[in-house]
Amino acid sequence: MVPTAVDVPSGLPAAVPTPEPGDPRLARLSLNQATVKRWSLTQAVDGCLRAGLPAIGLWREPVAETGLAKAADLVRRSGLRVSSYCRGGFLTGADRAAALDDNRRAVDEAAELGAPCLVMVVGGLPDGDRDLAGVRERMAEALAELVPYALERGVRLALEPLHPVFCADRAVLSTLGQALDLAERFDSAAAGVVVDAYHVWWDPQVWDQIERAGAGGRIASFQACDWVVPLPVENLLGRGMVGDGHADVRGLRRAVDAAGYDGDIEVEIFNQQVWDADGDDVIATLVRRHVQHVL
């Protein structure tokens with residue numbers, strides 16, 4: 001008798017069988033590297049291939065550990081699509097020149113890796129600064145300096161609004177509407193938005209804003225995960241497997257599809273219990289949850 005698979009981190013028996021590699025339901029599924037934080041790039045690529053995932057979302061730190069040229073070669077030889085590159089941004093600090101230099105390097109890296117977009121977490125309030133409107137406008141000015149560089153290299157800047165709980169320290173863009181207001185200052189080939197279920201599920205305007213984003217061709221990435229409670233002390237780690245929390249991830253997926261998005265569905269989970277679990281078990285769980293709660 002074949003033992004029943006167990007989901008992580010819940011420890012509960014899996015509700016559906018694990019799809020095999022080649023299953024057409026996996027055609028758009030991508031593993032964001034942050035979900036298997038303890039794995040190297042090589043391990044993450046191999047894990048995707050074992051599970052039959054066709055795409056991977058890359059992060060700068062493990063790419064740097066591998067070496068950019070080696071990482072680009074590894075991913076190309078694997079045949080995996082690169083769904084996104086994380087991350088650029090943090091444009092709100094005092095040293096704009098240094099931030100722009102770092103973002104230009106990130107754009108170059110994304111281009112070398114074949115990533116269609118660089119995810120932008122724009123930055124929070126500098127220490128002691130309470131002028132939120134002013135910080136947002138200075139951030140927009142810095143973004144405007146970066147846009148021509150990214151456009152020349154064929155890398156789209158994907159603005160990611162974060163849940164308001166992160167406004168002070170990570171992103172002064174808190175809603176999809178705010179992100180679109182900024183993206184629409186630029187050509188759609190240069191600037192789009194990330195629809196991340198964790199960050200936008202609560203917003204009563206999200207459905208209208210997804211429709212707006214689709215009409216303008218602005219949806220650069222869709223990321224799937226869930227909002228679980230109680231939140232941990234480190235609220236950044238409050239993401240859960242789809243189906244373990246409160247977000248209508250399937251509804252959001254249907255909305256972005258209806259808006260014209262046909263790109264990858266990237267699973268990005270920051271969760272200590274997930275990180276501590278076996279990577280193959282993590283991927284098997286997210287594959288099952290994808291067919292059970294996303295499609």
# chains A, B, ... in the order shown; residues from 1 in each chain; ligands from 1

call {"tool": "select_by_dssp", "arguments": {"residues": "region 47-292 of chain A", "states": "helix (DSSP H, G or I)", "output": "PyMOL selection string"}}
result
chain A and resi 47-51+60-66+68-78+96-113+132-152+164-166+176-183+197-200+206-215+235-237+249-258+272-276+279-292

call {"tool": "residues_around", "arguments": {"residues": "Ala44 (chain A)", "least_positions_apart": "6", "cutoff": "10 Å", "atoms": "only C-alpha atoms", "output": "PyMOL selection string"}}
result
chain A and resi 31-38+50+56-58+279-280+283

call {"tool": "atom_distance", "arguments": {"atom1": "CA of Gly114 (chain A)", "atom2": "CA of Val82 (chain A)"}}
result
6.5 Å

call {"tool": "residues_around", "arguments": {"residues": "region 102-104 of chain A", "least_positions_apart": "4", "cutoff": "12 Å", "atoms": "only C-alpha atoms", "output": "ChimeraX atom specification"}}
result
/A:60,85-91,95-98,108-111,118-122,142-143,145-153,155,157

call {"tool": "select_by_dssp", "arguments": {"residues": "region 21-264 of chain A", "states": "strand (DSSP E)", "output": "PyMOL selection string"}}
result
chain A and resi 29-32+55-59+81-89+117-121+156-159+191-196+219-224+226-227+239-240

call {"tool": "closest_residue", "arguments": {"among": "A:Arg218, A:Arg136, A:Arg81, A:Arg170", "to": "Gly124 (chain A)", "atoms": "only C-alpha atoms"}}
result
A:Arg170

call {"tool": "closest_atom_pairs", "arguments": {"of": "region 160-240 of chain A", "to": "region 255-260 of chain A", "cutoff": "12 Å", "atoms": "only C-alpha atoms", "output": "CSV"}}
result
residue,atom,partner,partner_atom,distance
A:Val193,CA,A:Val256,CA,11.6
A:Val194,CA,A:Val256,CA,10.7
A:Val195,CA,A:Val256,CA,8.2
A:Asp196,CA,A:Val256,CA,10.8
A:Ala197,CA,A:Val256,CA,11.0
A:Trp201,CA,A:Ala255,CA,11.8
A:Val206,CA,A:Ala255,CA,9.5
A:Trp207,CA,A:Ala255,CA,7.0
A:Asp208,CA,A:Ala255,CA,9.4
A:Gln209,CA,A:Ala259,CA,10.0
A:Ile210,CA,A:Val256,CA,6.3
A:Glu211,CA,A:Ala259,CA,5.4
A:Arg212,CA,A:Ala259,CA,8.0
A:Ala213,CA,A:Ala259,CA,7.5
A:Gly214,CA,A:Ala259,CA,4.4
A:Ala215,CA,A:Ala259,CA,6.7
A:Gly216,CA,A:Ala259,CA,9.5
A:Gly217,CA,A:Gly260,CA,7.8
A:Arg218,CA,A:Gly260,CA,9.8
A:Ile219,CA,A:Val256,CA,7.8
A:Ala220,CA,A:Val256,CA,10.5
A:Ser221,CA,A:Val256,CA,9.6
A:Phe222,CA,A:Val256,CA,7.8
A:Gln223,CA,A:Val256,CA,10.8
A:Ala224,CA,A:Val256,CA,11.8

call {"tool": "atom_distance", "arguments": {"atom1": "CA of Asp169 (chain A)", "atom2": "CA of Val274 (chain A)"}}
result
24.0 Å

call {"tool": "closest_residue", "arguments": {"among": "A:Ala71, A:Val294, A:Ile265, A:Ala191", "to": "Glu112 (chain A)", "atoms": "only C-alpha atoms"}}
result
A:Ala71

call {"tool": "atom_distance", "arguments": {"atom1": "CA of Leu132 (chain A)", "atom2": "CA of Val172 (chain A)"}}
result
7.4 Å

call {"tool": "residues_around", "arguments": {"residues": "Leu53 (chain A)", "least_positions_apart": "2", "cutoff": "7 Å", "atoms": "only C-alpha atoms", "output": "MDAnalysis selection string"}}
result
chainID A and resid 26 29:30 48:49 51 55

call {"tool": "write_last_selection", "arguments": {"atoms": "N, CA, C and O atoms", "output": "mmCIF file, in the first residue's frame"}}
result
data_model
loop_
_atom_site.group_PDB
_atom_site.id
_atom_site.type_symbol
_atom_site.label_atom_id
_atom_site.label_comp_id
_atom_site.auth_asym_id
_atom_site.auth_seq_id
_atom_site.Cartn_x
_atom_site.Cartn_y
_atom_site.Cartn_z
ATOM 1 N N LEU A 26 0.227 21.797 -14.737
ATOM 2 C CA LEU A 26 1.431 22.442 -14.213
ATOM 3 C C LEU A 26 2.062 23.400 -15.214
ATOM 4 O O LEU A 26 3.124 23.964 -14.935
ATOM 5 N N LEU A 29 2.992 26.815 -13.751
ATOM 6 C CA LEU A 29 3.416 26.864 -12.356
ATOM 7 C C LEU A 29 4.914 27.147 -12.243
ATOM 8 O O LEU A 29 5.737 26.512 -12.899
ATOM 9 N N SER A 30 5.251 28.096 -11.389
ATOM 10 C CA SER A 30 6.642 28.474 -11.173
ATOM 11 C C SER A 30 6.970 28.449 -9.685
ATOM 12 O O SER A 30 6.158 28.860 -8.850
ATOM 13 N N CYS A 48 12.761 21.615 -9.296
ATOM 14 C CA CYS A 48 11.740 21.923 -10.308
ATOM 15 C C CYS A 48 11.676 20.838 -11.366
ATOM 16 O O CYS A 48 10.575 20.393 -11.769
ATOM 17 N N LEU A 49 12.813 20.387 -11.816
ATOM 18 C CA LEU A 49 12.842 19.375 -12.864
ATOM 19 C C LEU A 49 12.264 18.052 -12.373
ATOM 20 O O LEU A 49 11.518 17.378 -13.101
ATOM 21 N N ALA A 51 9.975 17.628 -10.173
ATOM 22 C CA ALA A 51 8.532 17.759 -9.977
ATOM 23 C C ALA A 51 7.780 18.093 -11.261
ATOM 24 O O ALA A 51 6.548 18.068 -11.274
ATOM 25 N N ALA A 55 9.014 26.432 -14.688
ATOM 26 C CA ALA A 55 9.554 27.781 -14.516
ATOM 27 C C ALA A 55 10.054 27.985 -13.096
ATOM 28 O O ALA A 55 9.651 27.285 -12.161
#

call {"tool": "residues_around", "arguments": {"residues": "Ala284 (chain A)", "least_positions_apart": "3", "cutoff": "9 Å", "atoms": "only C-alpha atoms", "output": "count of residues only"}}
result
12

call {"tool": "closest_residue", "arguments": {"among": "A:Arg105, A:Ala183, A:Ala133, A:Leu236", "to": "Leu162 (chain A)", "atoms": "only C-alpha atoms"}}
result
A:Leu236

call {"tool": "closest_residue", "arguments": {"among": "A:Ala179, A:Val63, A:Leu125, A:Ala106", "to": "Arg138 (chain A)", "atoms": "only C-alpha atoms"}}
result
A:Leu125

call {"tool": "decode", "arguments": {"residues": "region 224-238 of chain A", "atoms": "all heavy atoms", "output": "PDB file, in the first residue's frame"}}
result
ATOM      1  N   ALA A 224       1.330  33.550  -5.985  1.00  0.00           N
ATOM      2  CA  ALA A 224       0.329  32.841  -5.186  1.00  0.00           C
ATOM      3  C   ALA A 224       0.915  32.388  -3.855  1.00  0.00           C
ATOM      4  O   ALA A 224       2.009  31.819  -3.804  1.00  0.00           O
ATOM      5  CB  ALA A 224      -0.193  31.628  -5.959  1.00  0.00           C
ATOM      6  N   CYS A 225       0.174  32.661  -2.796  1.00  0.00           N
ATOM      7  CA  CYS A 225       0.435  32.150  -1.458  1.00  0.00           C
ATOM      8  C   CYS A 225      -0.764  32.575  -0.622  1.00  0.00           C
ATOM      9  O   CYS A 225      -1.710  33.160  -1.154  1.00  0.00           O
ATOM     10  CB  CYS A 225       1.743  32.657  -0.873  1.00  0.00           C
ATOM     11  SG  CYS A 225       1.779  34.432  -0.670  1.00  0.00           S
ATOM     12  N   ASP A 226      -0.764  32.313   0.669  1.00  0.00           N
ATOM     13  CA  ASP A 226      -1.938  32.585   1.473  1.00  0.00           C
ATOM     14  C   ASP A 226      -1.572  33.439   2.679  1.00  0.00           C
ATOM     15  O   ASP A 226      -0.400  33.528   3.071  1.00  0.00           O
ATOM     16  CB  ASP A 226      -2.583  31.272   1.938  1.00  0.00           C
ATOM     17  CG  ASP A 226      -4.097  31.321   1.938  1.00  0.00           C
ATOM     18  OD1 ASP A 226      -4.654  32.412   2.145  1.00  0.00           O
ATOM     19  OD2 ASP A 226      -4.724  30.263   1.729  1.00  0.00           O
ATOM     20  N   TRP A 227      -2.610  34.091   3.239  1.00  0.00           N
ATOM     21  CA  TRP A 227      -2.462  34.902   4.450  1.00  0.00           C
ATOM     22  C   TRP A 227      -2.934  34.058   5.628  1.00  0.00           C
ATOM     23  O   TRP A 227      -4.097  33.712   5.723  1.00  0.00           O
ATOM     24  CB  TRP A 227      -3.301  36.172   4.335  1.00  0.00           C
ATOM     25  CG  TRP A 227      -3.222  37.069   5.523  1.00  0.00           C
ATOM     26  CD1 TRP A 227      -3.909  36.942   6.703  1.00  0.00           C
ATOM     27  CD2 TRP A 227      -2.429  38.255   5.658  1.00  0.00           C
ATOM     28  NE1 TRP A 227      -3.580  37.962   7.561  1.00  0.00           N
ATOM     29  CE2 TRP A 227      -2.673  38.784   6.955  1.00  0.00           C
ATOM     30  CE3 TRP A 227      -1.528  38.917   4.820  1.00  0.00           C
ATOM     31  CZ2 TRP A 227      -2.064  39.946   7.417  1.00  0.00           C
ATOM     32  CZ3 TRP A 227      -0.916  40.066   5.278  1.00  0.00           C
ATOM     33  CH2 TRP A 227      -1.175  40.576   6.559  1.00  0.00           C
ATOM     34  N   VAL A 228      -1.993  33.714   6.517  1.00  0.00           N
ATOM     35  CA  VAL A 228      -2.327  32.845   7.640  1.00  0.00           C
ATOM     36  C   VAL A 228      -2.266  33.631   8.944  1.00  0.00           C
ATOM     37  O   VAL A 228      -1.482  34.576   9.091  1.00  0.00           O
ATOM     38  CB  VAL A 228      -1.389  31.620   7.712  1.00  0.00           C
ATOM     39  CG1 VAL A 228      -1.581  30.723   6.500  1.00  0.00           C
ATOM     40  CG2 VAL A 228       0.069  32.041   7.813  1.00  0.00           C
ATOM     41  N   VAL A 229      -3.124  33.249   9.867  1.00  0.00           N
ATOM     42  CA  VAL A 229      -3.132  33.866  11.195  1.00  0.00           C
ATOM     43  C   VAL A 229      -3.076  32.761  12.249  1.00  0.00           C
ATOM     44  O   VAL A 229      -3.505  31.631  11.991  1.00  0.00           O
ATOM     45  CB  VAL A 229      -4.390  34.739  11.400  1.00  0.00           C
ATOM     46  CG1 VAL A 229      -4.342  35.959  10.514  1.00  0.00           C
ATOM     47  CG2 VAL A 229      -5.673  33.951  11.145  1.00  0.00           C
ATOM     48  N   PRO A 230      -2.543  33.042  13.439  1.00  0.00           N
ATOM     49  CA  PRO A 230      -2.004  34.341  13.822  1.00  0.00           C
ATOM     50  C   PRO A 230      -0.682  34.637  13.112  1.00  0.00           C
ATOM     51  O   PRO A 230       0.081  33.708  12.802  1.00  0.00           O
ATOM     52  CB  PRO A 230      -1.790  34.198  15.334  1.00  0.00           C
ATOM     53  CG  PRO A 230      -1.546  32.726  15.527  1.00  0.00           C
ATOM     54  CD  PRO A 230      -2.443  32.045  14.531  1.00  0.00           C
ATOM     55  N   LEU A 231      -0.427  35.907  12.864  1.00  0.00           N
ATOM     56  CA  LEU A 231       0.831  36.282  12.237  1.00  0.00           C
ATOM     57  C   LEU A 231       1.986  35.995  13.190  1.00  0.00           C
ATOM     58  O   LEU A 231       1.860  36.165  14.408  1.00  0.00           O
ATOM     59  CB  LEU A 231       0.837  37.766  11.881  1.00  0.00           C
ATOM     60  CG  LEU A 231      -0.073  38.203  10.726  1.00  0.00           C
ATOM     61  CD1 LEU A 231      -0.035  39.723  10.592  1.00  0.00           C
ATOM     62  CD2 LEU A 231       0.348  37.547   9.425  1.00  0.00           C
ATOM     63  N   PRO A 232       3.130  35.564  12.661  1.00  0.00           N
ATOM     64  CA  PRO A 232       4.298  35.372  13.525  1.00  0.00           C
ATOM     65  C   PRO A 232       4.845  36.710  14.001  1.00  0.00           C
ATOM     66  O   PRO A 232       4.455  37.776  13.492  1.00  0.00           O
ATOM     67  CB  PRO A 232       5.290  34.659  12.599  1.00  0.00           C
ATOM     68  CG  PRO A 232       4.902  35.076  11.227  1.00  0.00           C
ATOM     69  CD  PRO A 232       3.412  35.241  11.249  1.00  0.00           C
ATOM     70  N   VAL A 233       5.738  36.670  14.965  1.00  0.00           N
ATOM     71  CA  VAL A 233       6.361  37.899  15.465  1.00  0.00           C
ATOM     72  C   VAL A 233       7.017  38.653  14.313  1.00  0.00           C
ATOM     73  O   VAL A 233       6.894  39.880  14.207  1.00  0.00           O
ATOM     74  CB  VAL A 233       7.389  37.568  16.568  1.00  0.00           C
ATOM     75  CG1 VAL A 233       8.154  38.826  16.974  1.00  0.00           C
ATOM     76  CG2 VAL A 233       6.691  36.956  17.775  1.00  0.00           C
ATOM     77  N   GLU A 234       7.688  37.950  13.443  1.00  0.00           N
ATOM     78  CA  GLU A 234       8.238  38.541  12.220  1.00  0.00           C
ATOM     79  C   GLU A 234       7.164  38.420  11.153  1.00  0.00           C
ATOM     80  O   GLU A 234       7.005  37.381  10.528  1.00  0.00           O
ATOM     81  CB  GLU A 234       9.518  37.805  11.804  1.00  0.00           C
ATOM     82  CG  GLU A 234      10.104  38.238  10.463  1.00  0.00           C
ATOM     83  CD  GLU A 234      10.292  39.729  10.346  1.00  0.00           C
ATOM     84  OE1 GLU A 234      11.273  40.247  10.886  1.00  0.00           O
ATOM     85  OE2 GLU A 234       9.435  40.368   9.681  1.00  0.00           O
ATOM     86  N   ASN A 235       6.386  39.489  10.955  1.00  0.00           N
ATOM     87  CA  ASN A 235       5.208  39.375  10.093  1.00  0.00           C
ATOM     88  C   ASN A 235       5.546  39.092   8.641  1.00  0.00           C
ATOM     89  O   ASN A 235       4.694  38.619   7.884  1.00  0.00           O
ATOM     90  CB  ASN A 235       4.311  40.618  10.200  1.00  0.00           C
ATOM     91  CG  ASN A 235       5.057  41.924   9.967  1.00  0.00           C
ATOM     92  OD1 ASN A 235       6.100  41.953   9.335  1.00  0.00           O
ATOM     93  ND2 ASN A 235       4.511  43.009  10.490  1.00  0.00           N
ATOM     94  N   LEU A 236       6.777  39.336   8.241  1.00  0.00           N
ATOM     95  CA  LEU A 236       7.184  38.994   6.881  1.00  0.00           C
ATOM     96  C   LEU A 236       7.035  37.497   6.613  1.00  0.00           C
ATOM     97  O   LEU A 236       6.862  37.072   5.462  1.00  0.00           O
ATOM     98  CB  LEU A 236       8.646  39.417   6.658  1.00  0.00           C
ATOM     99  CG  LEU A 236       9.206  39.243   5.244  1.00  0.00           C
ATOM    100  CD1 LEU A 236       8.497  40.173   4.261  1.00  0.00           C
ATOM    101  CD2 LEU A 236      10.714  39.506   5.241  1.00  0.00           C
ATOM    102  N   LEU A 237       7.090  36.686   7.678  1.00  0.00           N
ATOM    103  CA  LEU A 237       7.048  35.232   7.533  1.00  0.00           C
ATOM    104  C   LEU A 237       5.633  34.676   7.693  1.00  0.00           C
ATOM    105  O   LEU A 237       5.459  33.496   7.962  1.00  0.00           O
ATOM    106  CB  LEU A 237       7.985  34.574   8.544  1.00  0.00           C
ATOM    107  CG  LEU A 237       9.438  35.064   8.538  1.00  0.00           C
ATOM    108  CD1 LEU A 237      10.286  34.227   9.481  1.00  0.00           C
ATOM    109  CD2 LEU A 237      10.029  35.041   7.134  1.00  0.00           C
ATOM    110  N   GLY A 238       4.628  35.518   7.487  1.00  0.00           N
ATOM    111  CA  GLY A 238       3.246  35.087   7.659  1.00  0.00           C
ATOM    112  C   GLY A 238       2.586  34.521   6.429  1.00  0.00           C
ATOM    113  O   GLY A 238       1.371  34.345   6.388  1.00  0.00           O
TER     114      GLY A 238
END
